[in-house]
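*Asks:* The structure follows.
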Number of protein chains: 2
Amino acid sequence: MPEMNNTSGQYRGKGGLPKVVVIGAGFAGLWLTKKLSGKPLEVVLVDKTNYHTFLPLLYQAAAAEVEPESIAYPIRSIIRKMPNVRFIMADIKEINYEERLVIANDITIDYDFLVIAIGSATQFFDTPGTEEYAFQLKNLEHAIMLRSQILRCFEKAMVEKNDDARRKYLTFTVIGGGATGVEFAGALAELIYGPLKKDFPSIDFQEVKIYLIEAASGVLLTYPNHLREYTVNSLRQMGVNVILETFVTHITVETVHLKDKGVIPTETVVWTAGVRGAPIAEKWGLPITRSGRIEVLQTLQLEKYSEIYVIGDLAAVMANDNKHHLPMLAPVATQQGSWAATNILRQINKKPPLPFKYLDKGTMVTIGRKKAIAMVGKRTFNGFIAWVMWLFIHLYNLIGFKNRLMVLVNWANDYIFYEKSIRLILPYKRSSIIKKQLLEQLLKEEKK
Amino acid sequence: MPEMNNTSGQYRGKGGLPKVVVIGAGFAGLWLTKKLSGKPLEVVLVDKTNYHTFLPLLYQAAAAEVEPESIAYPIRSIIRKMPNVRFIMADIKEINYEERLVIANDITIDYDFLVIAIGSATQFFDTPGTEEYAFQLKNLEHAIMLRSQILRCFEKAMVEKNDDARRKYLTFTVIGGGATGVEFAGALAELIYGPLKKDFPSIDFQEVKIYLIEAASGVLLTYPNHLREYTVNSLRQMGVNVILETFVTHITVETVHLKDKGVIPTETVVWTAGVRGAPIAEKWGLPITRSGRIEVLQTLQLEKYSEIYVIGDLAAVMANDNKHHLPMLAPVATQQGSWAATNILRQINKKPPLPFKYLDKGTMVTIGRKKAIAMVGKRTFNGFIAWVMWLFIHLYNLIGFKNRLMVLVNWANDYIFYEKSIRLILPYKRSSIIKKQLLEQLLKEEKK
């Protein structure tokens, strides 16, 4: 157990064991921590929140398919059986590379090895209005806010007498045809045309519109053509208006403006069109690529500091083809976590760290009930079989027996009763919603 | 289905059926609605939120024992099979008694019968500091905020080097020895001395203090002496410091001041020492008792308007002994809901409404694992048997099969593994927390 030094507030390794500080308890940081559990070193895991989020199911929480709490797990429960691991909830503001310190408001922690695994953030590409008005899907809070927004729009639409205003409430616009955009648009269509249609019998569902906007000529660019076509056709069947080959020039509090393809009046815009490395890395003076990720050696170390590793979404690591950077995916993050752990152990044992190799076990995207696509090596799957694969893999990977059971209960409920019961509107506020409400109020007062 | 009149925004009954508007979807409003389902009248149920909360388990959500979502259920799902019932999410601001209208910002609804069932609120008795700094336990938001506060205090304590500051984080003060105070204090002790003790091995749990403050000479005044003594002894065994015969003179951002019994430095104060009728009833010009409830006839009608019923916590209804008002309890609310429904049907059929009689099936309070007390008629129970009774009754009464299963999963988890897994710190803010943080920041800056 590390001891706290009461005068400096720093943590010092016990018995002179090497001390590894890990910033970020996402897939990368957590898998690294697991691998270092029980090894002759001391691990301090640091995160801004006290829970790990199973991000591959975030879109389901946003579409009221699973309870937010069932895709989040307290970090202290995960590490409880790891005797050499300690968790500190803190928001790291600074890194002092010379003295090897990470610094938060309340605490300073020294390190022998540092692992930076703080993940990614939404990339808005400076599109005007997006940061203020668009919803995102990068963390649990985003998901809960988006869920509340969708349900609030239906409640508002039910009592709105003005046709234009009501249609704006009933229009949902998803920007970006990557995996998140596709999965969320599909889940949203199932929520709306399933349980919400039953819940709001007095709403004319002809007025409901779901848009998926993608700049390229198709969705899911990394998949083969027949799967991409299957995806677009499935989405259209489910009631999603897929608009390709246009991009968003700007958004306002109630509109999305498309290049050459008009304006969509809409109260709900979800931006999934870009990801970048977490912006704070820039402030830490690390070498940033154009996509906001950090340049690392193939060993996952920084070139300048061999005791610092960067892993997960934040790390720009070359794929095995040596041409592209690896995508921001959970399996990449978990493999890099284990790999970096091995490399740290090698360094301690005076062996050279090894270059990372990614083992691609396949990728998959779910579109809806019984609809998914999968790619395993050169084999492709779609439809029911892909959906079952997706279901089992995600269920298996959800951390914690209880959470697995919870998600299963929800899915079974969904599957058997076509019912989504997690439709609570919680009073989450975001500055832009507050702004929006103020604006509406001002507009109303002006009319009088 | 009622039709919406697009010019006035009012709802008009179809085919001239009498129209019952119910404000509040708590136990009283919901049981009334259920009873009126399928009857020859039109029901419009109105609530500020889109879900019904199972309030008897609220303290468990606050103590991270059950997921907040498992004690809340979407109202639209509940009423879906009730063809003559419609739900509107709205915050009623005004009632126009002469024209028989209830008025929200977005909508005006006319009624033939009005049922007011908006429940109760915390009564602070004008104790200085309480409204700003104390946590409450009256709705789902309160529970989630309180849960986050408890967990945040432990995270803060872990890195706090100043002894006084750390002890303040580790001191939890519950004001009020009624059912809510007892149940929450017990659940809090189990959370802290169970999972949190495992989660925070570096914290010295000698520094943790849980206080329960009660002005009377014992807790749970309505129970017989031996059960009250059993309760106090159980709480003390579990690590709760029960302080009797003193009251809170005032609280500040970090202290609770007791009459003649000193000052408790504490970051967390939970106020359960009083309830009153929902304050907005006063603005509606209704006849208010000293306890903030509304005076009604024994038929549950207002004296002045025979078409208006008040039921549940808000209604000051005489008990069968004709001496006391009935307590604010779920069974009272559900029985009044059914009774008022019957009386409305009687009025429609030109029969006189009947005076309400409460059938006391017993009351119970749970203290912790295998510890509860119950009173059924003149028989009393305590310990394991009472706890099992409590468990089954609450489980049975939880609305919705899925929620029942969820809560069961959590309880089983708890019971088998002594584990509480819902320990997420969600970023709920309250004005007082924000104030507190600003204050802390200012103090810090002043020190520099």
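Naming scheme: A, B, ... for chains in displayed order of the structure tokens; residues 1 onward per chain; ligands 1 onward as shown.
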Do you know which residues are at most 12 Å from Glu98 of chain B counting only C-alpha atoms, after dropping those on the same chain fewer than 3 positions away, and could you put them as a VMD selection string?
*Replies:* chain B and resid 95 101 to 102 110 to 112 304 to 305 307 to 308
*Asks:* When DSSP is applied to the backbone of this structure, which of segment 14-228 of chain B are assigned strand (DSSP E)? Write them out as a count of residues only.
*Replies:* 52
*Asks:* Residues near Ala63 of chain B, anyone? I mean within 10 Å using only C-alpha atoms, not counting same-chain ones fewer than 5 positions away, as an MDAnalysis selection string.
*Replies:* chainID B and resid 58 143:144 146:148 150:151 183:192 420 422:423
*Asks:* Write out, as a PDB file, in the first residue's frame, the residues just selected, with C-alpha atoms.
*Replies:*
```
ATOM      1  CA  LEU B  58     -36.013   6.595  -2.088  1.00  0.00           C
ATOM      2  CA  ALA B 143     -31.595  10.897  -3.856  1.00  0.00           C
ATOM      3  CA  ILE B 144     -29.114  11.034  -6.726  1.00  0.00           C
ATOM      4  CA  LEU B 146     -27.232  12.809  -1.898  1.00  0.00           C
ATOM      5  CA  ARG B 147     -25.655   9.605  -3.193  1.00  0.00           C
ATOM      6  CA  SER B 148     -23.115  11.586  -5.191  1.00  0.00           C
ATOM      7  CA  ILE B 150     -21.635  10.810   0.107  1.00  0.00           C
ATOM      8  CA  LEU B 151     -19.281   9.202  -2.383  1.00  0.00           C
ATOM      9  CA  GLU B 183     -34.145   4.181   7.397  1.00  0.00           C
ATOM     10  CA  PHE B 184     -31.609   6.448   5.742  1.00  0.00           C
ATOM     11  CA  ALA B 185     -29.232   6.462   8.733  1.00  0.00           C
ATOM     12  CA  GLY B 186     -29.331   2.652   8.836  1.00  0.00           C
ATOM     13  CA  ALA B 187     -28.761   2.297   5.100  1.00  0.00           C
ATOM     14  CA  LEU B 188     -25.949   4.849   5.253  1.00  0.00           C
ATOM     15  CA  ALA B 189     -24.208   2.917   8.039  1.00  0.00           C
ATOM     16  CA  GLU B 190     -24.441  -0.275   5.972  1.00  0.00           C
ATOM     17  CA  LEU B 191     -23.070   1.462   2.894  1.00  0.00           C
ATOM     18  CA  ILE B 192     -20.180   3.020   4.804  1.00  0.00           C
ATOM     19  CA  LYS B 420     -23.391  -2.112  -3.276  1.00  0.00           C
ATOM     20  CA  ILE B 422     -24.310   1.611  -7.712  1.00  0.00           C
ATOM     21  CA  ARG B 423     -21.670   3.941  -6.503  1.00  0.00           C
TER      22      ARG B 423
END
```
*Asks:* Please return as a list in words: the residues of segment 105-137 of chain A that backbone DSSP assigns to helix (DSSP H, G or I).
*Replies:*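 Matching residues for helix (DSSP H, G or I) in segment 105-137 of chain A are Thr130, Glu131, Glu132 and Tyr133 of chain A.
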*Asks:* Keeping C-alpha atoms for every residue in the selection just given, could you write it to a file as a compact mmCIF listing (two decimals), in the first residue's frame?
*Replies:*
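Once written, part24.txt looks like this:
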```txt
# COMPACT_ATOMS: atom_id res chain seq x y z
CA THR A 130 -22.09 22.86 -32.99
CA GLU A 131 -20.32 23.29 -29.68
CA GLU A 132 -23.19 25.35 -28.28
CA TYR A 133 -26.18 23.46 -29.62
```
*Asks:* Any idea what's packed within 9 Å of segment 79-82 of chain A, counting only C-alpha atoms, ignoring anything in its chain fewer than 5 positions away? Could you give it as number ranges by chain?
*Replies:* A: 33-34, 36-38, 87; B: 198-199
*Asks:* With C-alpha atoms retained, could you export that selection as a tab-separated table (two decimals), in the first residue's frame?
*Replies:*
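And here's out-v3.tsv as it stands now:
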```tsv
chain	number	residue	atom	x	y	z
A	33	THR	CA	-3.92	-1.82	-14.59
A	34	LYS	CA	-5.31	-5.36	-14.63
A	36	LEU	CA	0.04	-4.91	-13.66
A	37	SER	CA	-2.03	-6.24	-10.77
A	38	GLY	CA	0.05	-8.42	-8.46
A	87	PHE	CA	-7.37	4.69	-7.13
B	198	LYS	CA	-13.53	-2.16	1.48
B	199	ASP	CA	-13.25	0.53	-1.19
```
*Asks:* I'd like the contact shell of Glu254 of chain A - 8 Å cut-off, only C-alpha atoms, skipping same-chain residues fewer than 4 positions apart - returned as a list in words.
*Replies:*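 Result of the neighbour search: Lys168, Pro265, Thr266, Glu267 and Thr268 of chain A.
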*Asks:* Let me see the file: selected residues, N, CA and C atoms, as a short mmCIF file (atom, residue, chain, number, x, y, z; two decimals), in the first residue's frame.
*Replies:*
```
data_model
loop_
_atom_site.label_atom_id
_atom_site.label_comp_id
_atom_site.auth_asym_id
_atom_site.auth_seq_id
_atom_site.Cartn_x
_atom_site.Cartn_y
_atom_site.Cartn_z
N LYS A 168 -40.53 20.79 -35.40
CA LYS A 168 -39.14 20.95 -34.96
C LYS A 168 -38.85 20.04 -33.76
N PRO A 265 -35.16 22.22 -40.04
CA PRO A 265 -35.58 22.78 -38.75
C PRO A 265 -35.67 21.64 -37.73
N THR A 266 -34.95 21.74 -36.62
CA THR A 266 -34.84 20.61 -35.69
C THR A 266 -34.42 21.10 -34.32
N GLU A 267 -35.01 20.50 -33.30
CA GLU A 267 -34.64 20.86 -31.92
C GLU A 267 -33.50 20.01 -31.40
N THR A 268 -33.21 18.91 -32.09
CA THR A 268 -32.23 17.96 -31.55
C THR A 268 -31.19 17.60 -32.60
#
```
*Asks:* List as a ChimeraX atom specification the protein and nucleic acid residues near Gly312 of chain B, meaning an atom at most 6 Å away when only C-alpha atoms are counted, but skip any in the same chain fewer than 5 places from it.
*Replies:* /B:28,117,333
*Asks:* Would you output that residue set with C-alpha atoms, as a CSV table (one decimal), in the first residue's frame?
*Replies:*
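Output saved as again_33.csv:
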```
chain,number,residue,atom,x,y,z
B,28,ALA,CA,-52.7,9.0,-4.6
B,117,ALA,CA,-52.6,15.2,-5.4
B,333,ALA,CA,-52.5,8.0,-0.4
```
*Asks:* Go through B:Ile116, B:Val43, B:Ile88, B:Leu57 one by one, measure the shortest atom-to-atom distance of each to chain A using only C-alpha atoms, and give the residue with the smallest value.
*Replies:*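 Counting only C-alpha atoms, the residue closest to chain A is B:Ile88.
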*Asks:* Measuring atom to atom with only C-alpha atoms, identify which of B:Glu155, B:Asp204, B:Glu94, B:Glu65 is nearest to chain A.
*Replies:*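 Answer, going by the shortest atom-to-atom distance: B:Glu155.
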*Asks:* Quick one: residues within 7 Å of Ile294 of chain A, only C-alpha atoms counted, chain neighbours fewer than 3 positions away excluded, as a ChimeraX atom specification?
*Replies:* /A:286-289,314-316
*Asks:* Could you check the closest approach to chain A for each of B:Gly277, B:Pro56, B:Pro18, B:Pro83 and tell me which residue wins, using only C-alpha atoms?
*Replies:*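 Using only C-alpha atoms, chain A sits closest to B:Pro83.
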*Asks:* One decimal, in Å: what's the spacing between atom CA of Arg167 of chain A and atom CA of Asp91 of chain B?
*Replies:*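 Going from atom CA of Arg167 of chain A over to atom CA of Asp91 of chain B, I get 22.4 Å.
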